Amino acid sequence: MKYLCLVYAEESKLEGMSDEECVAYDEALRGRGQCVASEALQPVRTAATVRVRNGQVSVTDGPFAETKESLAGFYLVEAPDLNEAIRIAAGIPPARAGSVEVRPIRELTGRNLGRKETR
Amino acid sequence: MAAGETDVRELAGDLYRRESRRVLATLIRLLGDFDLAEEALQDAFAAAVEQWPRDGVPANPRAWLVSAGRFKAIDNLRRRARFEAAAAALARQVPEAAGGPDEDLLEDDRLRLIFTCCHPALRPDARAALTLREVCGLTTEEIARAFLASPAAVAQRIVRAKAKIREAKIPYRVPSREELPERLDAVLQVTYLVFNEGYSASTGEDLTRPDLSSEAIRLAQLLLDLLPEPEVMGLLALMLLHESRRAARTSPDGELVLLADQDRTLWDRTQIAEGTALVERALCSRRIGPYALQAAIVALHAEASSADATDWAQIAGLYGVLARADPSPVVELNRAVAVAMHKGPEAGLALIDALLAGGALADYHLAHAARADLCRRMGRTADARAAYERALELARQQPERRFLERRLKELV
């Protein structure tokens, strides 16, 4: 089963965090086949938010929700259950500075034809 | 063994009360789904009522029910022509259960169930509701009364919790050693809530529901076997020491008897000895938590030959430590009562009035009842009457209401 670990943190608190530590954890997860994809994000000041209403595209600056903690990165992980996903999330270095939201992946109906469900 | 239909119905009813939660816990593990397991449980008991008068009562009724429930679940899945692969997988596992489930595994299933129901990814109110429903077998209505919520709200809470267990794949297993300490806290909280519902039913005619209390004690004993942590000892001690007073807490006609007026020869000495020994074990560890502190307080009461002979100074002191470890207005109220016993009603009343002025206990009937009692002892009859009347407006349990009414009459 796949879980998306969304890393939230105050950007100022991430400044002291080393990329090397994050890379090391990421590679360890990949080595065990537990990481499907992962990326760190540019600061929230680089964000644009897009909406389509009545066919009209509108673009605004900044993230959708203004909160103190912003989305800083993500890990798409493979885990047998929520407890294991939580254990993986607890090891993500920025979890010590911010928080990690763990969300199970929902398979869209009609897309998993020919795709093997891994749960 | 042949049995009449009435006997079997009685046996099935009795068995349902005693065994349904254990059978359910095992069925959830075998079927991997709460709702499927509940349906299978009902089907298994229906099959028992139908088959046992004809075929006789099986040697191991619990194992029979687990096995029947599992077959019924497979039938149900096949009939619906859904989850074909799941049904086939279950059918392949069936021979494993044919030998009868192992007793230890069944006990483990109850622990799996309680840890799953108390998973920290579930909302706190959902954990308690789900545990009371699934582990203790309370009805939605009973849970609603315990939480002062509507049955519809509780039902929705339970449905959402089960959906989350399924969708987020919260595992049905006892946490690993590393996970246990943090997961244990939530379990202890829920266990104590279950005990309290049995020890002091929140509403209704009956003062207590002994089955719920013994259920909570049994769960704590299971937890203690698994994890001899000081707080598990503390909670189990606390519950045993409270439970030891059960026979003395109500008069033969079901009326409430206060601690000071209880016939202490009715206290269960075996439970007191067991509880006290556990408190001592917990206190010997250097990690003393709120449950062990509360148990130490109750142990002091249990050791005293009368209310007057109680070490109120030490009790007030322990409440002070508890208030720092686990701050709560109810703990402060208890401390105020102990101070009143130790230093006199004036000192206690000053603390209670400060608490009531703070607002958190303004609608708590026991705060007003305690105030009324202290005013009564000080001869402030008008103040006592007003406080008893306020307590009566807020009290929901019939024996408590009758007690307050008696006290109110005695004031005249």
# chains A, B, ... in the order shown; residues from 1 in each chain; ligands from 1
call {"tool": "closest_atom_pairs", "arguments": {"of": "chain A", "to": "chain B", "cutoff": "12 Å", "atoms": "only C-alpha atoms", "output": "Markdown table"}}
result
| residue | atom | partner | partner_atom | distance |
| --- | --- | --- | --- | --- |
| A:Met1 | CA | B:Lys169 | CA | 8.3 |
| A:Lys2 | CA | B:Ala168 | CA | 9.7 |
| A:Tyr3 | CA | B:Ala168 | CA | 8.5 |
| A:Leu4 | CA | B:Ala168 | CA | 11.2 |
| A:Ala79 | CA | B:Lys169 | CA | 9.9 |
| A:Pro80 | CA | B:Lys169 | CA | 8.2 |
| A:Asp81 | CA | B:Lys169 | CA | 5.2 |
| A:Leu82 | CA | B:Ile170 | CA | 5.1 |
| A:Asn83 | CA | B:Ile170 | CA | 6.7 |
| A:Glu84 | CA | B:Pro171 | CA | 9.2 |
| A:Ala85 | CA | B:Ala168 | CA | 9.9 |
| A:Ile86 | CA | B:Ala121 | CA | 9.7 |
| A:Arg87 | CA | B:Glu179 | CA | 9.1 |
| A:Ala90 | CA | B:Glu179 | CA | 11.6 |
| A:Glu101 | CA | B:Ala121 | CA | 10.8 |
| A:Val102 | CA | B:Ala168 | CA | 9.1 |
| A:Arg103 | CA | B:Ala168 | CA | 7.3 |
| A:Pro104 | CA | B:Ala168 | CA | 5.3 |
| A:Ile105 | CA | B:Ala168 | CA | 8.4 |
| A:Arg106 | CA | B:Glu167 | CA | 8.4 |
| A:Glu107 | CA | B:Glu167 | CA | 11.0 |
| A:Arg119 | CA | B:Lys169 | CA | 9.4 |
call {"tool": "select_by_dssp", "arguments": {"residues": "stretch 213-399 of chain B", "states": "helix (DSSP H, G or I)", "output": "ChimeraX atom specification"}}
result
/B:213-226,230-243,246-249,259-261,264-266,269-284,290-303,312-325,329-343,345-358,365-377,381-394,398-399
call {"tool": "write_last_selection", "arguments": {"atoms": "C-alpha atoms", "output": "short mmCIF file (atom, residue, chain, number, x, y, z; two decimals), in the first residue's frame"}}
result
data_model
loop_
_atom_site.label_atom_id
_atom_site.label_comp_id
_atom_site.auth_asym_id
_atom_site.auth_seq_id
_atom_site.Cartn_x
_atom_site.Cartn_y
_atom_site.Cartn_z
CA SER B 213 -15.69 -2.65 35.54
CA SER B 214 -14.57 -6.26 35.58
CA GLU B 215 -14.06 -6.01 31.82
CA ALA B 216 -11.77 -3.01 32.31
CA ILE B 217 -9.88 -4.81 35.11
CA ARG B 218 -9.48 -7.87 32.90
CA LEU B 219 -8.11 -5.74 30.07
CA ALA B 220 -5.64 -4.07 32.43
CA GLN B 221 -4.52 -7.49 33.70
CA LEU B 222 -3.92 -8.58 30.11
CA LEU B 223 -1.97 -5.38 29.47
CA LEU B 224 0.10 -5.94 32.60
CA ASP B 225 1.06 -9.42 31.37
CA LEU B 226 2.17 -7.90 28.11
CA PRO B 230 4.44 1.21 36.25
CA GLU B 231 1.41 3.01 34.85
CA VAL B 232 -0.30 -0.27 33.91
CA MET B 233 0.30 -1.42 37.50
CA GLY B 234 -0.96 1.95 38.71
CA LEU B 235 -4.14 1.80 36.67
CA LEU B 236 -4.87 -1.81 37.58
CA ALA B 237 -4.22 -1.03 41.27
CA LEU B 238 -6.47 2.01 41.07
CA MET B 239 -9.31 0.02 39.55
CA LEU B 240 -8.95 -2.92 41.98
CA LEU B 241 -8.92 -0.59 44.98
CA HIS B 242 -12.03 1.22 43.76
CA GLU B 243 -13.66 -2.09 42.93
CA ARG B 246 -18.28 -1.88 45.43
CA ALA B 247 -20.38 -3.88 47.93
CA ALA B 248 -20.17 -1.04 50.45
CA ARG B 249 -20.98 1.77 48.01
CA LEU B 259 -16.98 6.68 51.76
CA ALA B 260 -17.19 8.02 55.33
CA ASP B 261 -20.38 6.04 56.03
CA ARG B 264 -15.57 -1.21 55.85
CA THR B 265 -16.01 -4.88 56.73
CA LEU B 266 -17.71 -5.17 53.31
CA ARG B 269 -9.68 -7.56 51.28
CA THR B 270 -8.30 -9.72 48.46
CA GLN B 271 -8.68 -6.89 45.95
CA ILE B 272 -7.21 -4.41 48.45
CA ALA B 273 -4.18 -6.65 49.01
CA GLU B 274 -3.69 -7.12 45.28
CA GLY B 275 -4.15 -3.40 44.59
CA THR B 276 -1.83 -2.32 47.40
CA ALA B 277 0.90 -4.71 46.27
CA LEU B 278 0.65 -3.28 42.73
CA VAL B 279 0.84 0.31 44.03
CA GLU B 280 3.98 -0.57 45.93
CA ARG B 281 5.53 -2.14 42.83
CA ALA B 282 4.61 0.94 40.78
CA LEU B 283 6.00 3.35 43.38
CA CYS B 284 9.26 1.38 43.58
CA PRO B 290 -0.81 9.90 37.47
CA TYR B 291 -2.42 6.46 37.74
CA ALA B 292 0.04 5.21 40.35
CA LEU B 293 -0.45 8.46 42.32
CA GLN B 294 -4.23 8.07 42.27
CA ALA B 295 -3.87 4.43 43.29
CA ALA B 296 -1.62 5.46 46.20
CA ILE B 297 -4.37 7.83 47.38
CA VAL B 298 -7.05 5.15 47.20
CA ALA B 299 -4.70 2.70 48.97
CA LEU B 300 -4.47 5.14 51.91
CA HIS B 301 -8.26 5.10 52.15
CA ALA B 302 -8.27 1.31 51.96
CA GLU B 303 -5.78 1.01 54.81
CA TRP B 312 -5.81 13.06 55.21
CA ALA B 313 -2.60 15.09 55.35
CA GLN B 314 -0.82 12.57 53.15
CA ILE B 315 -3.83 12.31 50.84
CA ALA B 316 -3.96 16.11 50.43
CA GLY B 317 -0.20 16.04 49.74
CA LEU B 318 -0.54 13.31 47.09
CA TYR B 319 -3.36 15.26 45.41
CA GLY B 320 -0.98 18.21 45.31
CA VAL B 321 1.67 16.08 43.53
CA LEU B 322 -1.01 14.71 41.21
CA ALA B 323 -2.25 18.22 40.39
CA ARG B 324 1.26 19.11 39.23
CA ALA B 325 1.77 15.85 37.28
CA PRO B 329 -9.95 20.89 38.07
CA VAL B 330 -11.42 17.57 39.28
CA VAL B 331 -8.09 16.71 40.95
CA GLU B 332 -8.12 20.17 42.56
CA LEU B 333 -11.66 19.49 43.82
CA ASN B 334 -10.51 16.23 45.42
CA ARG B 335 -7.56 18.01 46.97
CA ALA B 336 -9.94 20.62 48.41
CA VAL B 337 -12.05 17.86 50.01
CA ALA B 338 -8.93 16.22 51.52
CA VAL B 339 -7.77 19.62 52.84
CA ALA B 340 -11.21 20.09 54.42
CA MET B 341 -10.86 16.75 56.18
CA HIS B 342 -7.34 17.59 57.34
CA LYS B 343 -7.58 21.29 58.22
CA PRO B 345 -14.21 22.84 56.27
CA GLU B 346 -13.24 26.55 56.04
CA ALA B 347 -9.91 25.77 54.35
CA GLY B 348 -11.61 23.34 51.93
CA LEU B 349 -14.44 25.73 51.11
CA ALA B 350 -12.02 28.53 50.20
CA LEU B 351 -10.38 26.19 47.65
CA ILE B 352 -13.74 25.02 46.21
CA ASP B 353 -15.06 28.58 45.90
CA ALA B 354 -11.91 29.56 44.04
CA LEU B 355 -12.39 26.58 41.71
CA LEU B 356 -16.06 27.40 41.08
CA ALA B 357 -15.14 31.03 40.41
CA GLY B 358 -12.64 29.75 37.82
CA HIS B 365 -22.63 18.46 40.18
CA LEU B 366 -20.02 17.03 42.56
CA ALA B 367 -18.35 20.43 42.99
CA HIS B 368 -21.65 21.88 44.20
CA ALA B 369 -22.38 18.79 46.32
CA ALA B 370 -18.94 19.12 47.98
CA ARG B 371 -19.55 22.83 48.60
CA ALA B 372 -22.97 22.01 50.07
CA ASP B 373 -21.47 19.42 52.41
CA LEU B 374 -18.83 21.82 53.74
CA CYS B 375 -21.42 24.61 54.24
CA ARG B 376 -23.64 22.12 56.09
CA ARG B 377 -20.78 21.17 58.40
CA THR B 381 -27.71 26.17 56.13
CA ALA B 382 -28.92 28.65 53.49
CA ASP B 383 -25.68 28.32 51.48
CA ALA B 384 -25.80 24.54 51.84
CA ARG B 385 -29.39 24.45 50.55
CA ALA B 386 -28.56 26.60 47.51
CA ALA B 387 -25.56 24.41 46.67
CA TYR B 388 -27.52 21.13 47.09
CA GLU B 389 -30.24 22.55 44.83
CA ARG B 390 -27.68 23.47 42.18
CA ALA B 391 -26.09 20.00 42.43
CA LEU B 392 -29.54 18.42 42.05
CA GLU B 393 -30.19 20.45 38.89
CA LEU B 394 -26.98 19.04 37.39
CA GLN B 398 -31.01 8.51 40.05
CA PRO B 399 -29.28 7.22 43.25
#
call {"tool": "residues_around", "arguments": {"residues": "A:Leu6", "least_positions_apart": "2", "cutoff": "9 Å", "atoms": "only C-alpha atoms", "output": "ChimeraX atom specification"}}
result
/A:4,8,71-76,89,99-103
call {"tool": "write_last_selection", "arguments": {"atoms": "C-alpha atoms", "output": "mmCIF file, in the first residue's frame"}}
result
data_model
loop_
_atom_site.group_PDB
_atom_site.id
_atom_site.type_symbol
_atom_site.label_atom_id
_atom_site.label_comp_id
_atom_site.auth_asym_id
_atom_site.auth_seq_id
_atom_site.Cartn_x
_atom_site.Cartn_y
_atom_site.Cartn_z
ATOM 1 C CA LEU A 4 2.178 10.062 0.745
ATOM 2 C CA TYR A 8 5.271 20.592 6.576
ATOM 3 C CA LEU A 71 4.604 22.177 2.367
ATOM 4 C CA ALA A 72 8.350 21.643 2.106
ATOM 5 C CA GLY A 73 8.567 18.266 0.379
ATOM 6 C CA PHE A 74 7.083 14.833 0.017
ATOM 7 C CA TYR A 75 7.898 11.128 0.105
ATOM 8 C CA LEU A 76 5.681 8.635 -1.690
ATOM 9 C CA ALA A 89 7.555 9.283 8.443
ATOM 10 C CA SER A 99 5.420 17.764 10.980
ATOM 11 C CA VAL A 100 4.684 15.011 8.508
ATOM 12 C CA GLU A 101 1.147 14.268 7.376
ATOM 13 C CA VAL A 102 0.733 10.635 6.363
ATOM 14 C CA ARG A 103 -2.027 10.050 3.811
#
call {"tool": "closest_atom_pairs", "arguments": {"of": "stretch 51-94 of chain A", "to": "stretch 11-27 of chain A", "cutoff": "9 Å", "atoms": "only C-alpha atoms", "output": "JSON lines"}}
result
{"residue": "A:Lys68", "atom": "CA", "partner": "A:Glu11", "partner_atom": "CA", "distance": 8.8}
{"residue": "A:Glu69", "atom": "CA", "partner": "A:Glu11", "partner_atom": "CA", "distance": 7.3}
{"residue": "A:Ser70", "atom": "CA", "partner": "A:Glu11", "partner_atom": "CA", "distance": 7.3}
{"residue": "A:Ala72", "atom": "CA", "partner": "A:Glu11", "partner_atom": "CA", "distance": 7.7}
{"residue": "A:Tyr75", "atom": "CA", "partner": "A:Asp26", "partner_atom": "CA", "distance": 8.4}
{"residue": "A:Gly91", "atom": "CA", "partner": "A:Tyr25", "partner_atom": "CA", "distance": 7.7}
{"residue": "A:Ile92", "atom": "CA", "partner": "A:Tyr25", "partner_atom": "CA", "distance": 6.9}
{"residue": "A:Pro93", "atom": "CA", "partner": "A:Cys22", "partner_atom": "CA", "distance": 6.1}
{"residue": "A:Pro94", "atom": "CA", "partner": "A:Leu14", "partner_atom": "CA", "distance": 7.0}
call {"tool": "closest_residue", "arguments": {"among": "A:Arg30, A:Ala95, A:Ser38, A:Pro63", "to": "A:Val50", "atoms": "only C-alpha atoms"}}
result
A:Pro63
call {"tool": "atom_distance", "arguments": {"atom1": "atom CA of A:Cys5", "atom2": "atom CA of A:Leu29"}}
result
12.8 Å
call {"tool": "closest_residue", "arguments": {"among": "A:Gly31, A:Glu66, A:Thr109, A:Ala37", "to": "A:Thr49", "atoms": "only C-alpha atoms"}}
result
A:Glu66
call {"tool": "residues_around", "arguments": {"residues": "B:Lys162", "least_positions_apart": "2", "cutoff": "9 Å", "atoms": "only C-alpha atoms", "output": "list in words"}}
result
Asp33, Phe34, Asp35, Cys117, Leu130, Arg157, Ile158, Val159, Arg160, Lys164, Ile165, Arg166 and Glu167 of chain B
call {"tool": "closest_residue", "arguments": {"among": "A:Val36, A:Ile88, A:Ala48, A:Leu108", "to": "A:Asp61", "atoms": "only C-alpha atoms"}}
result
A:Ala48
call {"tool": "decode", "arguments": {"residues": "stretch 176-189 of chain B", "atoms": "N, CA and C atoms", "output": "PDB file, in the first residue's frame"}}
result
ATOM      1  N   SER B 176       4.786  -2.869  18.307  1.00  0.00           N
ATOM      2  CA  SER B 176       6.119  -3.376  18.622  1.00  0.00           C
ATOM      3  C   SER B 176       6.598  -2.769  19.935  1.00  0.00           C
ATOM      4  N   ARG B 177       7.629  -3.358  20.512  1.00  0.00           N
ATOM      5  CA  ARG B 177       8.190  -2.880  21.788  1.00  0.00           C
ATOM      6  C   ARG B 177       8.476  -1.375  21.768  1.00  0.00           C
ATOM      7  N   GLU B 178       9.058  -0.885  20.634  1.00  0.00           N
ATOM      8  CA  GLU B 178       9.414   0.540  20.572  1.00  0.00           C
ATOM      9  C   GLU B 178       8.162   1.408  20.555  1.00  0.00           C
ATOM     10  N   GLU B 179       7.126   0.905  19.879  1.00  0.00           N
ATOM     11  CA  GLU B 179       5.904   1.708  19.761  1.00  0.00           C
ATOM     12  C   GLU B 179       5.077   1.680  21.045  1.00  0.00           C
ATOM     13  N   LEU B 180       5.243   0.599  21.835  1.00  0.00           N
ATOM     14  CA  LEU B 180       4.305   0.339  22.932  1.00  0.00           C
ATOM     15  C   LEU B 180       4.119   1.490  23.925  1.00  0.00           C
ATOM     16  N   PRO B 181       5.204   2.069  24.486  1.00  0.00           N
ATOM     17  CA  PRO B 181       4.965   3.082  25.521  1.00  0.00           C
ATOM     18  C   PRO B 181       4.018   4.200  25.087  1.00  0.00           C
ATOM     19  N   GLU B 182       4.250   4.759  23.881  1.00  0.00           N
ATOM     20  CA  GLU B 182       3.391   5.867  23.468  1.00  0.00           C
ATOM     21  C   GLU B 182       1.978   5.400  23.137  1.00  0.00           C
ATOM     22  N   ARG B 183       1.876   4.160  22.646  1.00  0.00           N
ATOM     23  CA  ARG B 183       0.545   3.655  22.314  1.00  0.00           C
ATOM     24  C   ARG B 183      -0.238   3.253  23.561  1.00  0.00           C
ATOM     25  N   LEU B 184       0.512   2.961  24.615  1.00  0.00           N
ATOM     26  CA  LEU B 184      -0.110   2.470  25.838  1.00  0.00           C
ATOM     27  C   LEU B 184      -0.957   3.541  26.519  1.00  0.00           C
ATOM     28  N   ASP B 185      -0.485   4.775  26.457  1.00  0.00           N
ATOM     29  CA  ASP B 185      -1.187   5.860  27.125  1.00  0.00           C
ATOM     30  C   ASP B 185      -2.642   5.950  26.687  1.00  0.00           C
ATOM     31  N   ALA B 186      -2.838   5.905  25.382  1.00  0.00           N
ATOM     32  CA  ALA B 186      -4.195   5.990  24.844  1.00  0.00           C
ATOM     33  C   ALA B 186      -5.039   4.804  25.318  1.00  0.00           C
ATOM     34  N   VAL B 187      -4.415   3.634  25.387  1.00  0.00           N
ATOM     35  CA  VAL B 187      -5.137   2.434  25.822  1.00  0.00           C
ATOM     36  C   VAL B 187      -5.544   2.556  27.293  1.00  0.00           C
ATOM     37  N   LEU B 188      -4.627   3.061  28.128  1.00  0.00           N
ATOM     38  CA  LEU B 188      -4.929   3.211  29.551  1.00  0.00           C
ATOM     39  C   LEU B 188      -6.082   4.186  29.759  1.00  0.00           C
ATOM     40  N   GLN B 189      -6.054   5.270  29.004  1.00  0.00           N
ATOM     41  CA  GLN B 189      -7.130   6.259  29.105  1.00  0.00           C
ATOM     42  C   GLN B 189      -8.480   5.635  28.811  1.00  0.00           C
TER      43      GLN B 189
END
